[in-house]
Amino acid sequence: FALAACRQQVGDYRGALERYQVAQSLAPADPRPAHNRGVVHTVNHRWAEAVTEFTDALARSPGHGPSYLNRAFVRATLKDYPAAVEDLNRALKHGAPAFQVRVLRADAHAKAGDTDAAARDRAAAAALVPTTAYDFAVRGPTRLPHNPDGAAADLRRATELNPNYPTAWHHLAVVLGDHLGRTEDALAAEDQAIRCSPQFAPGRAARAVLLARLGRADEAAVEIEAARLLAPDPRVT
């Protein structure tokens with residue numbers, strides 16, 4: 001398990017998935033290998049595989065809060081907001097970080113059209129203080145529709161607290177490039193995402209788009225081919 005976690009940390013996702021599978025066979029009741037495989041799939045936008053792994057983790061340990069939290073994130077990404085809310089209710093019950101749960105649940109309620117429930121969760125989240133990189137990384141994207149500068153600030157703070165956080169760098173690049181018109185800064189952020197994790201296929205694909213916007217077509221072509229080789233499934237890139 002420790003070797004798998006190290007491989008995940010340095011962005012060797014293929015190696016991490018294989019080692020987590022071995023770890024699971026050695027400890028069938030431990031939810032962490034399946035959960036972490038789900039996280040790896042989430043990072044690489046393999047949503048169906050992620051849900052399968054988080055569900056497997058919960059079958060092994062029905063009280064595993066992180067699996068509820070992360071499955072909720074994926075289900076919300078897939079626009080299954082009622083299922084996401086149900087998972088977040090269970091995540092809170094089983095000890096997942098309250099700030100992250102409240103932020104994500106407010107967003108899911110809002111997108112499902114339940115404005116009263118969204119307001120209650122926003123108020124509860126506002127009474128809490130974000131402290132970890134994950135807190136800021138969770139809140140950042142939810143601020144994007146109404147406050148892109150605030151979203152960028154949250155994601156920047158996440159990268160300051162954890163410089164080796166590829167998805168935070170990637171989401172920062174999305175905000176900078178797609179919402180604030182700062183293409184050069186977005187490319188610098190995406191470069192950092194790939195420095196953290198050369199196997200991060202969504203980051204490689206996004207970097208290709210940014211290079212193309214800057215007129216660097218040859219470099220963009222190389223980058224999109226790298227993304228294709230990392231993730232043959234076109235849904236990922």
# chains A, B, ... in the order shown; residues from 1 in each chain; ligands from 1
$ select_by_dssp --residues "region 97-156 of chain A" --states "alpha helix (DSSP H)" --output "PDB file with C-alpha atoms, in the first residue's frame"
ATOM      1  CA  ALA A  98     -17.361  19.231   7.284  1.00  0.00           C
ATOM      2  CA  PHE A  99     -16.161  22.221   5.276  1.00  0.00           C
ATOM      3  CA  GLN A 100     -15.714  20.165   2.110  1.00  0.00           C
ATOM      4  CA  VAL A 101     -19.039  18.380   2.584  1.00  0.00           C
ATOM      5  CA  ARG A 102     -20.938  21.636   3.111  1.00  0.00           C
ATOM      6  CA  VAL A 103     -19.374  23.327   0.088  1.00  0.00           C
ATOM      7  CA  LEU A 104     -20.015  20.392  -2.216  1.00  0.00           C
ATOM      8  CA  ARG A 105     -23.516  19.805  -0.895  1.00  0.00           C
ATOM      9  CA  ALA A 106     -24.446  23.472  -1.316  1.00  0.00           C
ATOM     10  CA  ASP A 107     -23.283  23.289  -4.915  1.00  0.00           C
ATOM     11  CA  ALA A 108     -25.211  20.054  -5.569  1.00  0.00           C
ATOM     12  CA  HIS A 109     -28.378  21.466  -3.992  1.00  0.00           C
ATOM     13  CA  ALA A 110     -28.088  24.642  -6.081  1.00  0.00           C
ATOM     14  CA  LYS A 111     -27.624  22.736  -9.323  1.00  0.00           C
ATOM     15  CA  ALA A 112     -30.599  20.529  -8.428  1.00  0.00           C
ATOM     16  CA  THR A 115     -32.083  26.999  -3.281  1.00  0.00           C
ATOM     17  CA  ASP A 116     -33.126  26.856   0.378  1.00  0.00           C
ATOM     18  CA  ALA A 117     -30.973  23.805   1.118  1.00  0.00           C
ATOM     19  CA  ALA A 118     -28.100  25.366  -0.820  1.00  0.00           C
ATOM     20  CA  ALA A 119     -28.358  28.547   1.262  1.00  0.00           C
ATOM     21  CA  ARG A 120     -28.297  26.566   4.513  1.00  0.00           C
ATOM     22  CA  ASP A 121     -25.161  24.701   3.508  1.00  0.00           C
ATOM     23  CA  ARG A 122     -23.462  27.875   2.275  1.00  0.00           C
ATOM     24  CA  ALA A 123     -24.158  29.531   5.617  1.00  0.00           C
ATOM     25  CA  ALA A 124     -22.798  26.513   7.467  1.00  0.00           C
ATOM     26  CA  ALA A 125     -19.664  26.482   5.288  1.00  0.00           C
ATOM     27  CA  ALA A 126     -19.165  30.224   5.826  1.00  0.00           C
ATOM     28  CA  ALA A 133      -5.169  22.427   0.327  1.00  0.00           C
ATOM     29  CA  TYR A 134      -8.164  20.166  -0.229  1.00  0.00           C
ATOM     30  CA  ASP A 135     -10.514  22.672   1.415  1.00  0.00           C
ATOM     31  CA  PHE A 136      -9.432  25.414  -0.979  1.00  0.00           C
ATOM     32  CA  ALA A 137      -9.366  23.082  -3.979  1.00  0.00           C
ATOM     33  CA  VAL A 138     -12.946  21.991  -3.270  1.00  0.00           C
ATOM     34  CA  ARG A 139     -14.271  25.521  -2.795  1.00  0.00           C
ATOM     35  CA  GLY A 140     -12.476  27.090  -5.763  1.00  0.00           C
ATOM     36  CA  PRO A 141     -14.478  25.564  -8.632  1.00  0.00           C
ATOM     37  CA  THR A 142     -17.783  26.200  -6.843  1.00  0.00           C
ATOM     38  CA  ARG A 143     -17.005  29.948  -6.806  1.00  0.00           C
ATOM     39  CA  PRO A 148     -13.730  33.701 -11.032  1.00  0.00           C
ATOM     40  CA  ASP A 149     -11.096  35.802  -9.272  1.00  0.00           C
ATOM     41  CA  GLY A 150     -12.102  34.202  -5.971  1.00  0.00           C
ATOM     42  CA  ALA A 151     -11.956  30.774  -7.582  1.00  0.00           C
ATOM     43  CA  ALA A 152      -8.436  31.490  -8.835  1.00  0.00           C
ATOM     44  CA  ALA A 153      -7.386  32.734  -5.395  1.00  0.00           C
ATOM     45  CA  ASP A 154      -8.657  29.557  -3.724  1.00  0.00           C
ATOM     46  CA  LEU A 155      -6.902  27.317  -6.203  1.00  0.00           C
ATOM     47  CA  ARG A 156      -3.703  29.331  -5.938  1.00  0.00           C
TER      48      ARG A 156
END
$ atom_distance --atom1 "CA of Arg37 (chain A)" --atom2 "CA of Ala205 (chain A)"
21.7 Å
$ atom_distance --atom1 "CA of Arg60 (chain A)" --atom2 "CA of Phe200 (chain A)"
28.3 Å
$ residues_around --residues "Leu214 (chain A)" --least-positions-apart "6" --cutoff "12 Å" --atoms "only C-alpha atoms" --output "list in words"
Gly177, Gly181, Arg182, Thr183, Glu184, Asp185, Ala186, Leu187, Arg207, Ala208 and Ala220 of chain A
$ residues_around --residues "Ala91 (chain A)" --least-positions-apart "3" --cutoff "10 Å" --atoms "only C-alpha atoms" --output "short mmCIF file (atom, residue, chain, number, x, y, z; two decimals) with N, CA, C and O atoms, in the first residue's frame"
data_model
loop_
_atom_site.label_atom_id
_atom_site.label_comp_id
_atom_site.auth_asym_id
_atom_site.auth_seq_id
_atom_site.Cartn_x
_atom_site.Cartn_y
_atom_site.Cartn_z
N GLY A 63 -18.64 2.43 6.56
CA GLY A 63 -18.50 3.70 7.25
C GLY A 63 -17.32 4.53 6.78
O GLY A 63 -16.88 5.44 7.50
N HIS A 64 -16.82 4.25 5.58
CA HIS A 64 -15.62 4.95 5.10
C HIS A 64 -16.00 6.31 4.50
O HIS A 64 -16.39 6.42 3.35
N GLY A 65 -15.89 7.36 5.31
CA GLY A 65 -16.30 8.69 4.91
C GLY A 65 -15.66 9.21 3.64
O GLY A 65 -16.35 9.79 2.79
N PRO A 66 -14.33 9.06 3.45
CA PRO A 66 -13.72 9.58 2.23
C PRO A 66 -14.31 8.99 0.94
O PRO A 66 -14.38 9.67 -0.08
N SER A 67 -14.74 7.73 0.99
CA SER A 67 -15.32 7.13 -0.21
C SER A 67 -16.67 7.75 -0.53
O SER A 67 -17.00 7.98 -1.70
N TYR A 68 -17.47 8.04 0.49
CA TYR A 68 -18.73 8.76 0.24
C TYR A 68 -18.45 10.15 -0.34
O TYR A 68 -19.11 10.58 -1.28
N LEU A 69 -17.48 10.84 0.25
CA LEU A 69 -17.17 12.20 -0.19
C LEU A 69 -16.73 12.21 -1.65
O LEU A 69 -17.22 13.01 -2.47
N ASN A 70 -15.81 11.33 -2.00
CA ASN A 70 -15.27 11.35 -3.36
C ASN A 70 -16.24 10.78 -4.38
O ASN A 70 -16.29 11.23 -5.52
N ARG A 71 -17.06 9.80 -3.96
CA ARG A 71 -18.09 9.32 -4.89
C ARG A 71 -19.11 10.42 -5.14
O ARG A 71 -19.61 10.57 -6.27
N ALA A 72 -19.41 11.22 -4.11
CA ALA A 72 -20.33 12.34 -4.30
C ALA A 72 -19.78 13.33 -5.32
O ALA A 72 -20.53 13.84 -6.17
N VAL A 85 -25.96 14.25 -3.22
CA VAL A 85 -26.41 14.76 -1.92
C VAL A 85 -26.52 13.61 -0.91
O VAL A 85 -26.11 13.74 0.26
N GLU A 86 -27.06 12.49 -1.33
CA GLU A 86 -27.18 11.34 -0.42
C GLU A 86 -25.81 10.89 0.06
O GLU A 86 -25.62 10.61 1.26
N ASP A 87 -24.84 10.82 -0.86
CA ASP A 87 -23.48 10.45 -0.46
C ASP A 87 -22.88 11.48 0.50
O ASP A 87 -22.18 11.12 1.46
N LEU A 88 -23.14 12.76 0.26
CA LEU A 88 -22.58 13.79 1.14
C LEU A 88 -23.21 13.74 2.52
O LEU A 88 -22.52 13.99 3.52
N HIS A 94 -20.17 10.12 8.65
CA HIS A 94 -19.03 9.23 8.88
C HIS A 94 -17.70 9.97 8.95
O HIS A 94 -16.64 9.38 8.72
N GLY A 95 -17.74 11.25 9.26
CA GLY A 95 -16.52 11.95 9.64
C GLY A 95 -15.73 12.61 8.54
O GLY A 95 -14.58 13.03 8.77
N ALA A 96 -16.27 12.74 7.34
CA ALA A 96 -15.57 13.47 6.29
C ALA A 96 -15.48 14.95 6.67
O ALA A 96 -16.30 15.45 7.45
N PRO A 97 -14.49 15.68 6.16
CA PRO A 97 -14.31 17.08 6.54
C PRO A 97 -15.57 17.91 6.30
O PRO A 97 -16.07 17.99 5.18
N ALA A 98 -16.08 18.53 7.36
CA ALA A 98 -17.36 19.23 7.28
C ALA A 98 -17.34 20.38 6.28
O ALA A 98 -18.33 20.61 5.58
N GLN A 100 -15.62 20.69 3.47
CA GLN A 100 -15.71 20.17 2.11
C GLN A 100 -17.11 19.64 1.82
O GLN A 100 -17.66 19.87 0.74
N VAL A 101 -17.69 18.92 2.78
CA VAL A 101 -19.04 18.38 2.58
C VAL A 101 -20.04 19.51 2.37
O VAL A 101 -20.86 19.47 1.45
#
$ atom_distance --atom1 "CA of Ala168 (chain A)" --atom2 "CA of Ala231 (chain A)"
19.9 Å
$ residues_around --residues "region 40-42 of chain A" --least-positions-apart "2" --cutoff "9 Å" --atoms "only C-alpha atoms" --output "ChimeraX atom specification"
/A:8,13,16-17,35-38,44-51,53,70,74
$ write_last_selection --atoms "N, CA, C and O atoms" --output "mmCIF file, in the first residue's frame"
data_model
loop_
_atom_site.group_PDB
_atom_site.id
_atom_site.type_symbol
_atom_site.label_atom_id
_atom_site.label_comp_id
_atom_site.auth_asym_id
_atom_site.auth_seq_id
_atom_site.Cartn_x
_atom_site.Cartn_y
_atom_site.Cartn_z
ATOM 1 N N GLN A 8 1.487 6.989 -6.564
ATOM 2 C CA GLN A 8 0.414 7.943 -6.823
ATOM 3 C C GLN A 8 0.905 9.376 -6.588
ATOM 4 O O GLN A 8 0.614 10.291 -7.371
ATOM 5 N N TYR A 13 0.578 6.849 -12.230
ATOM 6 C CA TYR A 13 -0.764 6.340 -11.984
ATOM 7 C C TYR A 13 -0.908 4.878 -12.371
ATOM 8 O O TYR A 13 -1.592 4.118 -11.678
ATOM 9 N N ALA A 16 0.658 2.924 -9.639
ATOM 10 C CA ALA A 16 -0.145 3.011 -8.425
ATOM 11 C C ALA A 16 -1.354 2.087 -8.498
ATOM 12 O O ALA A 16 -1.665 1.363 -7.539
ATOM 13 N N LEU A 17 -2.052 2.090 -9.622
ATOM 14 C CA LEU A 17 -3.226 1.228 -9.762
ATOM 15 C C LEU A 17 -2.856 -0.237 -9.588
ATOM 16 O O LEU A 17 -3.568 -0.995 -8.916
ATOM 17 N N HIS A 35 -10.479 2.759 -2.550
ATOM 18 C CA HIS A 35 -10.710 4.201 -2.518
ATOM 19 C C HIS A 35 -9.643 4.949 -3.302
ATOM 20 O O HIS A 35 -9.939 5.835 -4.118
ATOM 21 N N ASN A 36 -8.389 4.601 -3.066
ATOM 22 C CA ASN A 36 -7.315 5.325 -3.742
ATOM 23 C C ASN A 36 -7.286 5.042 -5.232
ATOM 24 O O ASN A 36 -6.913 5.914 -6.033
ATOM 25 N N ARG A 37 -7.673 3.833 -5.634
ATOM 26 C CA ARG A 37 -7.833 3.581 -7.067
ATOM 27 C C ARG A 37 -8.925 4.497 -7.625
ATOM 28 O O ARG A 37 -8.791 5.035 -8.738
ATOM 29 N N GLY A 38 -9.988 4.679 -6.862
ATOM 30 C CA GLY A 38 -11.031 5.599 -7.293
ATOM 31 C C GLY A 38 -10.514 7.018 -7.447
ATOM 32 O O GLY A 38 -10.883 7.732 -8.389
ATOM 33 N N ASN A 44 -7.976 11.319 -13.444
ATOM 34 C CA ASN A 44 -7.847 11.140 -14.891
ATOM 35 C C ASN A 44 -9.197 11.123 -15.612
ATOM 36 O O ASN A 44 -9.275 10.720 -16.768
ATOM 37 N N HIS A 45 -10.249 11.579 -14.928
ATOM 38 C CA HIS A 45 -11.581 11.751 -15.524
ATOM 39 C C HIS A 45 -12.180 10.449 -16.029
ATOM 40 O O HIS A 45 -12.977 10.443 -16.959
ATOM 41 N N ARG A 46 -11.825 9.344 -15.390
ATOM 42 C CA ARG A 46 -12.457 8.060 -15.703
ATOM 43 C C ARG A 46 -13.574 7.867 -14.688
ATOM 44 O O ARG A 46 -13.439 7.161 -13.688
ATOM 45 N N TRP A 47 -14.694 8.525 -14.968
ATOM 46 C CA TRP A 47 -15.738 8.665 -13.962
ATOM 47 C C TRP A 47 -16.404 7.340 -13.594
ATOM 48 O O TRP A 47 -16.625 7.062 -12.402
ATOM 49 N N ALA A 48 -16.738 6.536 -14.582
ATOM 50 C CA ALA A 48 -17.417 5.269 -14.285
ATOM 51 C C ALA A 48 -16.519 4.359 -13.458
ATOM 52 O O ALA A 48 -16.977 3.716 -12.498
ATOM 53 N N GLU A 49 -15.241 4.285 -13.813
ATOM 54 C CA GLU A 49 -14.313 3.455 -13.058
ATOM 55 C C GLU A 49 -14.157 3.967 -11.633
ATOM 56 O O GLU A 49 -14.038 3.187 -10.682
ATOM 57 N N ALA A 50 -14.171 5.285 -11.476
ATOM 58 C CA ALA A 50 -14.058 5.860 -10.137
ATOM 59 C C ALA A 50 -15.241 5.470 -9.261
ATOM 60 O O ALA A 50 -15.066 5.055 -8.107
ATOM 61 N N VAL A 51 -16.457 5.593 -9.800
ATOM 62 C CA VAL A 51 -17.640 5.216 -9.029
ATOM 63 C C VAL A 51 -17.567 3.745 -8.627
ATOM 64 O O VAL A 51 -17.880 3.375 -7.480
ATOM 65 N N GLU A 53 -14.928 1.906 -8.088
ATOM 66 C CA GLU A 53 -13.941 1.698 -7.027
ATOM 67 C C GLU A 53 -14.429 2.239 -5.681
ATOM 68 O O GLU A 53 -14.259 1.592 -4.639
ATOM 69 N N ASN A 70 -15.809 11.330 -2.001
ATOM 70 C CA ASN A 70 -15.272 11.345 -3.357
ATOM 71 C C ASN A 70 -16.244 10.776 -4.376
ATOM 72 O O ASN A 70 -16.285 11.228 -5.521
ATOM 73 N N VAL A 74 -17.808 12.745 -7.822
ATOM 74 C CA VAL A 74 -17.944 12.177 -9.166
ATOM 75 C C VAL A 74 -19.400 12.191 -9.611
ATOM 76 O O VAL A 74 -19.718 12.551 -10.754
#
